[in-house]
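The structure file query23.txt is reproduced below (compact mmCIF, C-alpha atoms).
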# COMPACT_ATOMS: atom_id res chain seq x y z
CA MET F 3 -5.49 31.00 89.90
CA PRO F 4 -2.75 31.72 92.44
CA ILE F 5 -0.07 34.29 91.66
CA ASP F 6 3.41 32.82 91.37
CA LEU F 7 5.55 35.42 93.13
CA SER F 8 8.82 33.81 92.03
CA ILE F 9 7.93 34.55 88.39
CA VAL F 10 7.12 38.15 89.35
CA GLY F 11 10.52 38.42 91.03
CA GLU F 12 12.35 36.94 88.05
CA SER F 13 10.57 39.10 85.51
CA ILE F 14 11.23 42.44 87.24
CA PRO F 15 14.95 42.74 86.24
CA VAL F 16 14.12 41.75 82.64
CA LEU F 17 11.28 44.28 82.47
CA LEU F 18 13.47 47.01 83.98
CA LYS F 19 16.01 46.33 81.23
CA GLY F 20 13.19 46.97 78.75
CA LEU F 21 12.14 50.07 80.68
CA ARG F 22 15.57 51.55 79.93
CA ILE F 23 14.85 51.36 76.18
CA THR F 24 11.33 52.72 76.75
CA ALA F 25 12.82 55.62 78.75
CA LEU F 26 15.55 56.25 76.17
CA VAL F 27 13.00 56.48 73.32
CA SER F 28 10.78 58.77 75.42
CA LEU F 29 13.64 60.98 76.62
CA ILE F 30 14.91 61.62 73.09
CA GLY F 31 11.69 61.38 71.07
CA ILE F 32 9.32 63.46 73.20
CA PRO F 33 11.56 66.58 73.65
CA LEU F 34 12.45 66.38 69.95
CA GLY F 35 8.74 66.28 69.16
CA MET F 36 8.10 69.30 71.39
CA LEU F 37 10.74 71.21 69.44
CA ILE F 38 9.07 70.22 66.15
CA GLY F 39 5.67 71.12 67.64
CA THR F 40 6.92 74.57 68.70
CA LEU F 41 8.22 75.28 65.19
CA ALA F 42 4.95 73.98 63.71
CA ALA F 43 2.87 76.16 66.08
CA TYR F 44 4.75 79.32 65.09
CA ALA F 45 4.52 78.26 61.42
CA ALA F 46 0.76 77.76 61.83
CA GLN F 47 0.45 81.27 63.28
CA SER F 48 2.45 82.87 60.50
CA ARG F 49 0.97 84.06 57.23
CA THR F 50 3.46 82.18 55.09
CA PRO F 51 3.17 79.06 52.88
CA LEU F 52 4.42 77.17 55.95
CA ARG F 53 1.00 77.62 57.57
CA PRO F 54 -0.91 75.04 55.45
CA ILE F 55 2.02 72.63 55.78
CA ALA F 56 1.92 72.87 59.57
CA LEU F 57 -1.88 72.49 59.66
CA GLY F 58 -1.73 69.50 57.29
CA TYR F 59 0.90 67.89 59.51
CA VAL F 60 -1.36 68.25 62.56
CA GLU F 61 -4.28 66.70 60.66
CA LEU F 62 -2.11 63.75 59.63
CA VAL F 63 -1.07 63.09 63.22
CA ARG F 64 -4.61 63.42 64.54
CA ASN F 65 -6.19 61.15 61.95
CA ILE F 66 -3.75 58.26 61.49
CA PRO F 67 -3.25 55.52 64.12
CA PHE F 68 0.20 55.46 65.70
CA LEU F 69 0.53 51.76 64.85
CA ILE F 70 -0.02 52.41 61.12
CA LEU F 71 2.58 55.20 61.18
CA VAL F 72 5.04 52.80 62.82
CA TYR F 73 4.35 50.06 60.25
CA LEU F 74 4.58 52.51 57.36
CA SER F 75 7.95 53.84 58.56
CA PHE F 76 9.45 50.53 59.60
CA PHE F 77 8.50 48.54 56.49
CA GLY F 78 8.18 51.41 54.00
CA LEU F 79 11.33 53.49 54.57
CA PRO F 80 13.80 50.73 53.52
CA LYS F 81 11.80 50.37 50.27
CA ILE F 82 12.61 53.97 49.31
CA GLY F 83 16.27 53.53 50.22
CA VAL F 84 16.19 55.01 53.73
CA PRO F 85 17.89 52.65 56.17
CA ALA F 86 15.64 52.47 59.24
CA SER F 87 16.59 50.58 62.39
CA ALA F 88 13.89 49.89 64.96
CA MET F 89 15.46 52.46 67.28
CA THR F 90 15.52 55.30 64.73
CA VAL F 91 11.95 54.54 63.64
CA ALA F 92 10.87 54.52 67.31
CA ILE F 93 12.46 57.88 68.06
CA GLY F 94 11.34 59.35 64.74
CA CYS F 95 7.70 58.22 65.12
CA THR F 96 7.56 59.40 68.74
CA ALA F 97 8.90 62.81 67.72
CA PHE F 98 6.58 63.06 64.70
CA TYR F 99 3.49 62.20 66.72
CA THR F 100 4.41 64.32 69.78
CA GLY F 101 5.09 67.25 67.44
CA GLY F 102 1.60 67.24 65.96
CA TYR F 103 -0.11 67.16 69.34
CA PHE F 104 2.28 69.66 70.94
CA CYS F 105 1.62 72.08 68.08
CA GLU F 106 -2.08 72.02 68.96
CA ILE F 107 -1.39 72.43 72.68
CA LEU F 108 0.97 75.37 72.15
CA ARG F 109 -1.44 77.05 69.74
CA ALA F 110 -4.22 76.83 72.32
CA ALA F 111 -1.88 78.17 75.04
CA LEU F 112 -0.77 81.11 72.87
CA GLN F 113 -4.42 82.01 72.32
CA SER F 114 -5.12 81.80 76.06
CA VAL F 115 -2.82 84.73 76.86
CA PRO F 116 -5.09 87.77 76.42
CA ARG F 117 -4.08 89.79 73.36
CA GLY F 118 -4.62 93.06 75.28
CA GLN F 119 -1.58 92.25 77.41
CA SER F 120 0.80 92.20 74.44
CA SER F 121 -0.80 95.39 73.09
CA ALA F 122 -0.36 97.03 76.48
CA ALA F 123 3.27 95.92 76.70
CA LEU F 124 3.99 97.16 73.18
CA SER F 125 2.35 100.51 73.92
CA LEU F 126 4.54 100.83 77.04
CA GLY F 127 7.49 100.75 74.66
CA MET F 128 8.55 97.11 75.02
CA THR F 129 9.91 95.47 71.90
CA TYR F 130 8.27 92.34 70.44
CA TRP F 131 10.87 90.04 71.98
CA GLN F 132 10.69 91.80 75.36
CA THR F 133 6.92 91.30 75.30
CA GLN F 134 7.36 87.61 74.51
CA ARG F 135 10.12 87.17 77.09
CA HIS F 136 8.52 89.03 80.02
CA ILE F 137 4.76 88.88 79.36
CA VAL F 138 3.72 85.98 77.11
CA VAL F 139 6.16 83.10 77.72
CA PRO F 140 6.03 83.16 81.57
CA GLN F 141 2.23 82.84 81.44
CA LEU F 142 2.40 80.17 78.77
CA PHE F 143 3.71 77.57 81.22
CA GLY F 144 0.56 77.72 83.34
CA PHE F 145 -1.55 76.86 80.28
CA LEU F 146 0.95 74.39 78.84
CA ILE F 147 1.81 72.16 81.79
CA PRO F 148 -1.47 70.20 82.28
CA PRO F 149 -1.99 69.22 78.60
CA ALA F 150 1.75 68.71 78.05
CA THR F 151 1.87 66.31 81.02
CA SER F 152 -1.02 64.30 79.52
CA LEU F 153 0.76 64.26 76.16
CA ILE F 154 4.04 63.06 77.69
CA ILE F 155 2.22 60.26 79.55
CA MET F 156 0.29 59.33 76.39
CA MET F 157 3.47 59.11 74.30
CA PHE F 158 5.32 57.22 77.04
CA LYS F 159 2.51 54.62 77.01
CA ASP F 160 2.43 54.52 73.21
CA THR F 161 6.06 53.37 73.12
CA ALA F 162 4.57 49.94 73.96
CA ILE F 163 3.59 49.79 70.27
CA PHE F 164 7.26 49.56 69.25
CA SER F 165 7.20 45.96 70.46
CA VAL F 166 5.68 45.10 67.03
CA MET F 167 9.04 45.83 65.39
CA SER F 168 11.00 43.86 67.98
CA LEU F 169 12.48 46.92 69.68
CA PRO F 170 13.51 45.40 73.03
CA GLU F 171 11.45 47.85 75.13
CA MET F 172 9.36 46.86 78.11
CA THR F 173 6.32 45.38 76.32
CA TYR F 174 8.58 43.37 74.00
CA GLN F 175 10.42 41.97 77.03
CA SER F 176 7.09 41.04 78.61
CA ASN F 177 6.07 39.29 75.36
CA LEU F 178 9.29 37.26 75.48
CA LEU F 179 8.71 36.39 79.12
CA THR F 180 5.12 35.23 78.54
CA ALA F 181 6.21 33.20 75.51
CA ASN F 182 8.66 31.34 77.75
CA THR F 183 6.66 30.99 80.95
CA PHE F 184 2.99 31.31 79.90
CA ALA F 185 2.59 33.24 83.16
CA TYR F 186 0.40 35.92 81.60
CA LEU F 187 -1.15 37.17 84.83
CA GLU F 188 2.18 37.61 86.64
CA VAL F 189 4.16 39.08 83.75
CA LEU F 190 1.49 41.33 82.25
CA GLY F 191 0.39 42.43 85.73
CA THR F 192 3.96 43.39 86.66
CA THR F 193 4.45 45.19 83.34
CA ALA F 194 1.22 47.14 83.79
CA LEU F 195 2.25 48.02 87.33
CA ILE F 196 5.60 49.43 86.19
CA TYR F 197 3.94 51.52 83.45
CA TRP F 198 1.39 52.71 85.98
CA LEU F 199 3.99 53.74 88.57
CA CYS F 200 5.89 55.72 85.91
CA SER F 201 2.69 57.45 84.74
CA VAL F 202 1.62 58.31 88.29
CA LEU F 203 5.09 59.72 88.97
CA MET F 204 4.97 61.86 85.83
CA ALA F 205 1.46 63.07 86.67
CA SER F 206 2.54 64.10 90.15
CA ILE F 207 5.59 65.97 88.79
CA GLY F 208 3.21 67.69 86.36
CA ARG F 209 0.90 68.77 89.21
CA ARG F 210 3.85 70.15 91.19
CA LEU F 211 5.10 72.14 88.21
CA GLU F 212 1.58 73.44 87.66
CA THR F 213 1.35 74.73 91.24
CA ALA F 214 4.82 76.27 90.97
CA ALA F 215 3.94 77.95 87.67
CA ARG F 216 0.71 79.32 89.09
CA ARG F 217 2.50 80.68 92.15
CA SER F 218 5.24 82.34 90.11
CA THR F 219 2.81 84.06 87.71
CA HIS F 220 0.78 85.40 90.65
CA GLN F 221 3.88 86.85 92.28
CA THR F 222 5.14 88.74 89.23
CA MET M 24 -0.72 56.71 41.01
CA LEU M 25 -3.07 53.86 40.15
CA ASP M 26 -0.19 51.92 38.56
CA TRP M 27 1.88 52.45 41.68
CA LEU M 28 -1.00 51.16 43.80
CA ASN M 29 -1.95 48.24 41.61
CA GLN M 30 1.52 46.80 40.77
CA ASN M 31 0.13 44.45 38.10
CA GLY M 32 -2.76 43.33 40.24
CA ALA M 33 -0.57 42.24 43.16
CA LEU M 34 -2.64 44.33 45.53
CA ALA M 35 -6.09 43.38 44.24
CA PRO M 36 -6.78 40.89 47.09
CA PHE M 37 -5.70 43.52 49.62
CA LEU M 38 -7.95 46.20 48.13
CA HIS M 39 -10.89 43.78 48.44
CA GLY M 40 -9.91 42.86 51.99
CA VAL M 41 -9.75 46.53 53.00
CA VAL M 42 -13.53 46.83 52.77
CA GLU M 43 -14.12 43.96 55.15
CA GLY M 44 -11.34 45.11 57.49
CA THR M 45 -12.77 48.61 57.59
CA ALA M 46 -16.23 47.26 58.38
CA ILE M 47 -14.82 45.26 61.32
CA THR M 48 -12.80 48.27 62.53
CA ILE M 49 -15.87 50.51 62.51
CA ALA M 50 -18.25 47.91 63.98
CA ALA M 51 -15.85 46.97 66.79
CA SER M 52 -15.11 50.62 67.59
CA VAL M 53 -18.79 51.58 67.69
CA ALA M 54 -19.60 48.58 69.90
CA ALA M 55 -16.73 49.40 72.26
CA PHE M 56 -17.79 53.04 72.37
CA ALA M 57 -21.39 52.15 73.18
CA ILE M 58 -20.31 49.80 75.98
CA GLY M 59 -17.81 52.44 77.12
CA ILE M 60 -20.57 55.05 77.45
CA VAL M 61 -22.78 52.73 79.50
CA LEU M 62 -19.78 51.86 81.71
CA GLY M 63 -18.92 55.55 81.89
CA VAL M 64 -22.36 56.48 83.21
CA VAL M 65 -22.25 53.68 85.78
CA LEU M 66 -18.78 54.81 86.86
CA LEU M 67 -19.94 58.43 87.04
CA LEU M 68 -22.80 57.50 89.39
CA ALA M 69 -20.39 55.39 91.45
CA ARG M 70 -17.86 58.25 91.48
CA LEU M 71 -20.51 60.49 93.10
CA SER M 72 -21.58 57.84 95.59
CA PRO M 73 -21.64 58.79 99.28
CA TYR M 74 -19.60 55.66 100.11
CA SER M 75 -15.90 56.40 99.99
CA PRO M 76 -14.77 52.82 99.11
CA VAL M 77 -16.95 52.99 95.97
CA ARG M 78 -15.51 56.37 95.02
CA GLY M 79 -12.01 55.08 95.72
CA ALA M 80 -12.56 52.03 93.50
CA VAL M 81 -13.64 54.25 90.59
CA MET M 82 -10.65 56.53 91.07
CA LEU M 83 -8.34 53.51 91.14
CA TRP M 84 -9.91 52.17 87.93
CA VAL M 85 -9.52 55.52 86.16
CA SER M 86 -5.93 55.95 87.31
CA ALA M 87 -4.94 52.36 86.44
CA ILE M 88 -6.45 52.52 82.95
CA ARG M 89 -5.03 55.96 82.20
CA GLY M 90 -1.59 55.02 83.48
CA THR M 91 -1.09 51.88 81.39
CA PRO M 92 -0.81 51.32 77.60
CA ALA M 93 -3.89 50.26 75.62
CA LEU M 94 -1.73 47.51 74.11
CA ILE M 95 -1.30 45.97 77.58
CA HIS M 96 -5.09 46.17 78.14
CA MET M 97 -5.51 44.24 74.91
CA LEU M 98 -3.10 41.50 76.05
CA ILE M 99 -4.66 41.32 79.53
CA ALA M 100 -8.18 41.03 78.05
CA TYR M 101 -7.07 38.25 75.73
CA TYR M 102 -4.77 36.21 77.98
CA VAL M 103 -5.36 37.06 81.65
CA VAL M 104 -9.09 37.69 81.99
CA PRO M 105 -10.23 34.41 80.34
CA ALA M 106 -7.76 32.47 82.51
CA LEU M 107 -8.98 34.19 85.68
CA LEU M 108 -12.64 33.61 84.83
CA GLY M 109 -12.05 30.15 83.39
CA ILE M 110 -13.77 30.96 80.09
CA SER M 111 -12.63 31.14 76.49
CA VAL M 112 -12.91 34.47 74.72
CA SER M 113 -12.75 35.17 70.98
CA PRO M 114 -10.17 37.76 69.87
CA ILE M 115 -12.87 40.20 68.78
CA ALA M 116 -14.72 39.98 72.11
CA ALA M 117 -11.44 40.52 73.98
CA GLY M 118 -10.59 43.43 71.69
CA ILE M 119 -13.96 45.13 72.15
CA GLY M 120 -13.81 44.50 75.91
CA ALA M 121 -10.33 46.02 76.19
CA LEU M 122 -11.28 49.07 74.13
CA ALA M 123 -14.50 49.54 76.11
CA CYS M 124 -12.69 49.38 79.46
CA ASN M 125 -10.02 51.73 78.15
CA THR M 126 -12.48 54.31 76.87
CA SER M 127 -14.72 54.08 79.97
CA ALA M 128 -11.99 55.64 82.14
CA TYR M 129 -11.74 58.63 79.80
CA ILE M 130 -15.53 58.90 79.31
CA VAL M 131 -16.21 59.08 83.06
CA GLU M 132 -13.82 62.03 83.32
CA ILE M 133 -15.47 63.71 80.31
CA LEU M 134 -18.94 63.26 81.84
CA ARG M 135 -17.71 64.52 85.21
CA GLY M 136 -16.32 67.61 83.51
CA ALA M 137 -19.64 68.22 81.73
CA LEU M 138 -21.56 67.70 84.97
CA GLY M 139 -19.37 70.31 86.65
CA THR M 140 -20.61 72.97 84.23
CA LEU M 141 -24.23 72.53 85.35
CA SER M 142 -25.49 74.80 88.11
CA GLY M 143 -26.48 73.27 91.44
CA GLY M 144 -29.69 75.31 91.43
CA GLN M 145 -31.23 72.89 88.94
CA VAL M 146 -30.99 69.99 91.37
CA ALA M 147 -32.43 72.14 94.15
CA ALA M 148 -35.29 73.22 91.88
CA ALA M 149 -36.00 69.65 90.77
CA ARG M 150 -36.01 68.54 94.40
CA ALA M 151 -38.35 71.37 95.32
CA LEU M 152 -40.69 70.11 92.59
CA GLY M 153 -40.71 66.76 94.38
CA MET M 154 -38.49 64.77 92.00
CA ARG M 155 -36.58 61.78 93.33
CA ARG M 156 -32.84 61.29 92.90
CA ARG M 157 -33.34 58.83 90.06
CA GLN M 158 -35.78 61.16 88.27
CA ILE M 159 -33.40 64.11 88.65
CA TRP M 160 -30.65 62.10 86.95
CA ARG M 161 -32.93 60.75 84.23
CA TYR M 162 -34.76 63.95 83.29
CA VAL M 163 -32.59 66.86 84.44
CA LEU M 164 -28.90 66.04 84.67
CA LEU M 165 -27.96 63.28 82.21
CA PRO M 166 -29.56 64.82 79.08
CA GLN M 167 -27.68 68.08 79.67
CA VAL M 168 -24.45 66.27 80.53
CA PHE M 169 -24.58 64.43 77.20
CA TYR M 170 -25.30 67.58 75.20
CA ARG M 171 -22.35 69.35 76.76
CA ALA M 172 -20.12 66.30 76.38
CA ILE M 173 -20.65 65.90 72.61
CA PRO M 174 -17.39 67.58 71.50
CA PRO M 175 -15.06 65.73 73.91
CA LEU M 176 -16.98 62.46 73.36
CA THR M 177 -16.51 62.60 69.59
CA SER M 178 -12.83 63.29 70.05
CA GLU M 179 -12.73 60.30 72.40
CA LEU M 180 -14.39 58.25 69.62
CA THR M 181 -11.59 59.22 67.22
CA ILE M 182 -9.01 58.21 69.82
CA LEU M 183 -10.83 54.89 70.26
CA LEU M 184 -10.90 54.29 66.50
CA LYS M 185 -7.17 54.89 66.31
CA ALA M 186 -6.59 52.57 69.27
CA SER M 187 -8.75 49.89 67.60
CA SER M 188 -5.77 49.21 65.28
CA LEU M 189 -4.13 47.62 68.35
CA MET M 190 -6.60 44.74 68.02
CA SER M 191 -4.24 43.47 65.30
CA ILE M 192 -1.94 42.38 68.16
CA ILE M 193 -4.47 39.70 69.13
CA ALA M 194 -5.26 38.91 65.45
CA VAL M 195 -8.73 40.44 65.14
CA PRO M 196 -9.20 40.63 61.34
CA GLU M 197 -9.67 44.42 61.29
CA LEU M 198 -8.01 46.97 59.03
CA ALA M 199 -4.51 46.92 60.56
CA THR M 200 -4.42 43.10 60.51
CA VAL M 201 -5.56 43.02 56.87
CA ALA M 202 -2.75 45.47 56.06
CA ARG M 203 -0.10 43.53 57.94
CA ASN M 204 -1.10 40.26 56.28
CA ALA M 205 -1.11 41.91 52.85
CA THR M 206 2.44 43.17 53.46
CA LEU M 207 3.61 39.68 54.27
CA GLN M 208 2.00 38.30 51.11
CA SER M 209 2.87 41.00 48.56
CA ASP M 210 5.96 42.72 50.01
CA LEU M 211 4.57 46.12 49.03
CA PRO M 212 4.51 47.81 52.45
CA LEU M 213 4.54 51.39 51.16
CA GLN M 214 1.44 50.90 49.02
CA VAL M 215 -0.40 48.82 51.60
CA PHE M 216 0.17 51.12 54.57
CA THR M 217 -0.40 54.29 52.54
CA VAL M 218 -3.84 52.97 51.52
CA THR M 219 -4.52 51.87 55.11
CA ALA M 220 -3.49 55.25 56.52
CA ALA M 221 -5.71 56.95 53.92
CA VAL M 222 -8.72 54.84 54.92
CA TYR M 223 -8.24 55.68 58.62
CA PHE M 224 -7.72 59.33 57.69
CA ILE M 225 -11.00 59.49 55.77
CA ILE M 226 -13.03 57.80 58.54
CA LEU M 227 -11.55 60.00 61.27
CA PHE M 228 -11.81 63.16 59.20
CA CYS M 229 -15.53 62.45 58.64
CA ILE M 230 -16.07 61.98 62.38
CA SER M 231 -14.36 65.30 63.11
CA ALA M 232 -16.51 67.02 60.46
CA VAL M 233 -19.74 65.58 61.91
CA SER M 234 -18.52 66.54 65.38
CA ARG M 235 -17.99 70.17 64.34
CA LEU M 236 -21.50 70.20 62.86
CA CYS M 237 -23.02 68.78 66.07
CA GLU M 238 -21.06 71.26 68.15
CA ARG M 239 -22.51 74.19 66.21
CA ARG M 240 -26.04 72.77 66.56
CA VAL M 241 -25.65 72.16 70.27
CA SER M 242 -24.13 75.56 70.97
CA ARG M 243 -27.22 77.06 69.33
CA MET M 244 -29.51 74.87 71.44
CA LEU M 245 -27.70 75.70 74.68
CA PRO M 246 -27.02 79.43 74.43
CA ASN M 247 -25.98 79.91 78.07
CA ALA M 248 -23.85 77.45 79.98
CA HIS M 249 -25.33 78.18 83.41
Show the structure stored in the file as structure tokens.
Amino acid sequence: MPIDLSIVGESIPVLLKGLRITALVSLIGIPLGMLIGTLAAYAAQSRTPLRPIALGYVELVRNIPFLILVYLSFFGLPKIGVPASAMTVAIGCTAFYTGGYFCEILRAALQSVPRGQSSAALSLGMTYWQTQRHIVVPQLFGFLIPPATSLIIMMFKDTAIFSVMSLPEMTYQSNLLTANTFAYLEVLGTTALIYWLCSVLMASIGRRLETAARRSTHQT
Amino acid sequence: MLDWLNQNGALAPFLHGVVEGTAITIAASVAAFAIGIVLGVVLLLARLSPYSPVRGAVMLWVSAIRGTPALIHMLIAYYVVPALLGISVSPIAAGIGALACNTSAYIVEILRGALGTLSGGQVAAARALGMRRRQIWRYVLLPQVFYRAIPPLTSELTILLKASSLMSIIAVPELATVARNATLQSDLPLQVFTVTAAVYFIILFCISAVSRLCERRVSRMLPNAH
């Protein structure tokens, strides 16, 4: 089966148009999810009634397929009177899912900073916030960056699922192209290649940040 | 609650279909996981090969799988692979194949991580006892690698089970497909997807519970890591 390069060439601009939607959903949804995850991680550490809520939220995210969450939101929300466009559901689901995983990652990172260090800082007369600012948070990045990079790549790839609700992201565009041309090999291959290049780029940025974080914590 | 779920019997066919859909979800996931483990071991041995092209091919495979969405793997397995090979493939075979290939890339990294925790002295000792390379793998390394890999492997199984819902894209009649069809027929999406989410939750929660149990057992069996 020979590869028809003209189809590859024609599909690239269409796929890149879809990539813009994919990127938009990722750029809004993932940081929003990290914010939710940070709040959930501190809630899970607290001794308040928020703790079981945060832990329950993490269990929900870990034990329900992303696709089912997307279906439930997209078809279910209008039934309870919440207007839900494909775009809001996409951003909302991305944030909800990222939040659950980021909560776990941040909790693990917070536990990785030896407790003796905060005790030592407090006994030197530093306040709680000074300890967080100068001792805990700078070290956190070293522990956070590798799993957070994997999470970002995972969520970026999962945006492909939004094609089921006709959000015109990259996978949806590739579905349209294959429906018109039947050139599955060319179109799906090109789509996979674009996803791959983006993931490799993100992974390499992650590695760079990791090295930088390690260097900066060794210097201080 | 039951009234809300039942809606005058409108969901009865769905609730029957859930059982069958769940069975297909579990069977397909277990099959894909089993194939994934075999592939993972083969890839691990290839990854440690002295020939750099072989190592490079494994690294390319791992990077390509990890850098692309599972949904795309599903579509490639269903549309592209049969066309390239000139064969016809049933949706379920394509689905299992895609999931197995997907999970193999993660499993090889898990096994490699577990292998890294073993001390090199064991291989030296086994060699000094006159064991061959194949015997060292069979009797010394692989059993320990699998013991150490139980926690990450079970979490990989839960990820695989969640990803198995993507088989609905190629119309494998598993749980997510049953749910989507029921929504089209009854127009009760909230009920249908809440039940579906609950079924997945229960399955995955059980796997995590069994995993924690295994982990405790294994940590007792392997008191020191080196």
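Residues with any atom within 9 Å of Phe98 (chain F), counting only C-alpha atoms and excluding same-chain neighbours fewer than 5 positions away, are Gly31, Ile32, Leu34, Gly35, Ile38, Gly39, Val63 and Ile93 of chain F.
Counting all atoms listed in the file, the residue from F:Ala88, F:Leu178, F:Leu18, F:Leu187 that sits nearest to Ala106 (chain M) is F:Leu187.
Excluding Leu164 (chain M) and any residue on its chain fewer than 6 positions from it, the residues at most 9 Å away by only C-alpha atoms are Leu138, Leu141, Gln145 and Val146 of chain M.
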Find the residues of chain F that sit at most 7 Å from chain M; for each, write down the nearest two atoms and how far apart they are in Å, to one decimal. Count all atoms listed in the file. Sort by chain, then by number going up, and give it as CSV.
residue,atom,partner,partner_atom,distance
F:Met3,CA,M:Leu107,CA,6.3
F:Asn65,CA,M:Phe224,CA,4.9
F:Ile66,CA,M:Phe224,CA,5.6
F:Pro67,CA,M:Lys185,CA,4.5
F:Leu69,CA,M:Ser188,CA,6.8
F:Ile70,CA,M:Ala220,CA,6.4
F:Leu74,CA,M:Phe216,CA,5.4
F:Phe77,CA,M:Pro212,CA,5.7
F:Gly78,CA,M:Leu213,CA,4.6
F:Lys159,CA,M:Pro92,CA,4.7
F:Asp160,CA,M:Pro92,CA,6.3
F:Ala162,CA,M:Pro92,CA,6.6
F:Ile163,CA,M:Leu94,CA,6.9
F:Tyr186,CA,M:Val103,CA,5.9
F:Leu187,CA,M:Val103,CA,5.3
F:Leu190,CA,M:Ile99,CA,6.7
F:Ala194,CA,M:Thr91,CA,5.8
F:Tyr197,CA,M:Thr91,CA,5.4
F:Trp198,CA,M:Gly90,CA,4.5
F:Ser201,CA,M:Gly90,CA,5.1
F:Val202,CA,M:Gly90,CA,6.7
Around the point (3.0, 60.3, 63.8) (coordinates from the file), which residues reach within 9 Å if we count only C-alpha atoms? Answer as an NGL selection string.
:F and (59 or 62-64 or 66-72 or 94-102)
Give me the residues near Leu176 (chain M) as a VMD selection string, where near means some atom within 9 Å (using all atoms listed in the file) and where sequence neighbours in that chain fewer than 4 positions away do not count.
chain M and resid 130 133 to 134 169 172 180 to 181
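Every protein, DNA or RNA residue with an atom at most 12 Å from His136 (chain F), where only C-alpha atoms count and chain neighbours fewer than 3 positions away do not, is listed here: Gln119, Ser120, Ala123, Leu124, Met128, Thr129, Tyr130, Trp131, Gln132, Thr133, Val139, Pro140, Gln141, Leu142, Thr219 and Thr222 of chain F.
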Since we have the selection now, will you write its residues out, keeping C-alpha atoms, as an mmCIF file, in the frame of the given file?
data_model
loop_
_atom_site.group_PDB
_atom_site.id
_atom_site.type_symbol
_atom_site.label_atom_id
_atom_site.label_comp_id
_atom_site.auth_asym_id
_atom_site.auth_seq_id
_atom_site.Cartn_x
_atom_site.Cartn_y
_atom_site.Cartn_z
ATOM 1 C CA GLN F 119 -1.580 92.250 77.410
ATOM 2 C CA SER F 120 0.800 92.200 74.440
ATOM 3 C CA ALA F 123 3.270 95.920 76.700
ATOM 4 C CA LEU F 124 3.990 97.160 73.180
ATOM 5 C CA MET F 128 8.550 97.110 75.020
ATOM 6 C CA THR F 129 9.910 95.470 71.900
ATOM 7 C CA TYR F 130 8.270 92.340 70.440
ATOM 8 C CA TRP F 131 10.870 90.040 71.980
ATOM 9 C CA GLN F 132 10.690 91.800 75.360
ATOM 10 C CA THR F 133 6.920 91.300 75.300
ATOM 11 C CA VAL F 139 6.160 83.100 77.720
ATOM 12 C CA PRO F 140 6.030 83.160 81.570
ATOM 13 C CA GLN F 141 2.230 82.840 81.440
ATOM 14 C CA LEU F 142 2.400 80.170 78.770
ATOM 15 C CA THR F 219 2.810 84.060 87.710
ATOM 16 C CA THR F 222 5.140 88.740 89.230
#
Got a sec: who's within 12 Å of region 47-54 of chain F, counting all atoms listed in the file, leaving out chain neighbours fewer than 6 positions off, as a PDB file with C-alpha atoms, keeping the file's coordinate frame?
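Output contents, as saved in out01.pdb:
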ATOM      1  CA  THR F  40       6.920  74.570  68.700  1.00  0.00           C
ATOM      2  CA  LEU F  41       8.220  75.280  65.190  1.00  0.00           C
ATOM      3  CA  VAL F  60      -1.360  68.250  62.560  1.00  0.00           C
ATOM      4  CA  GLU F  61      -4.280  66.700  60.660  1.00  0.00           C
ATOM      5  CA  CYS F 105       1.620  72.080  68.080  1.00  0.00           C
ATOM      6  CA  GLU F 106      -2.080  72.020  68.960  1.00  0.00           C
ATOM      7  CA  LEU F 108       0.970  75.370  72.150  1.00  0.00           C
ATOM      8  CA  ARG F 109      -1.440  77.050  69.740  1.00  0.00           C
ATOM      9  CA  ALA F 110      -4.220  76.830  72.320  1.00  0.00           C
ATOM     10  CA  LEU F 112      -0.770  81.110  72.870  1.00  0.00           C
ATOM     11  CA  GLN F 113      -4.420  82.010  72.320  1.00  0.00           C
TER      12      GLN F 113
END
How many Å separate CA of Val53 (chain M) from CA of Met244 (chain M)?
25.9 Å
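If you look at CA of Met36 (chain F) and CA of Pro148 (chain F), they are 14.5 Å away from each other.
As for CA of Ala116 (chain M) and CA of Ala55 (chain M), they are spaced 9.6 Å apart.
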Mind giving me the axis-aligned box for region 154-165 of chain M with 4 Å on every side, centre plus edges in Å to one decimal, as lines of an AutoDock Vina configuration file?
center_x = -33.2
center_y = 62.8
center_z = 87.8
size_x = 18.5
size_y = 16.0
size_z = 19.1
Step by step: start from the point (5.4, 42.6, 68.8) in the file's coordinates, keep every protein, DNA or RNA residue that has an atom no farther than 10 Å from it, count all atoms listed in the file, and write the set as a PyMOL selection string.
(chain F and resi 162-170+173-175+177-178) or (chain M and resi 192)
Could the residues in this selection be saved with C-alpha atoms as a short mmCIF file (atom, residue, chain, number, x, y, z; two decimals), in the coordinates of the input?
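Okay, this is what ended up in result.cif:
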data_model
loop_
_atom_site.label_atom_id
_atom_site.label_comp_id
_atom_site.auth_asym_id
_atom_site.auth_seq_id
_atom_site.Cartn_x
_atom_site.Cartn_y
_atom_site.Cartn_z
CA ALA F 162 4.57 49.94 73.96
CA ILE F 163 3.59 49.79 70.27
CA PHE F 164 7.26 49.56 69.25
CA SER F 165 7.20 45.96 70.46
CA VAL F 166 5.68 45.10 67.03
CA MET F 167 9.04 45.83 65.39
CA SER F 168 11.00 43.86 67.98
CA LEU F 169 12.48 46.92 69.68
CA PRO F 170 13.51 45.40 73.03
CA THR F 173 6.32 45.38 76.32
CA TYR F 174 8.58 43.37 74.00
CA GLN F 175 10.42 41.97 77.03
CA ASN F 177 6.07 39.29 75.36
CA LEU F 178 9.29 37.26 75.48
CA ILE M 192 -1.94 42.38 68.16
#
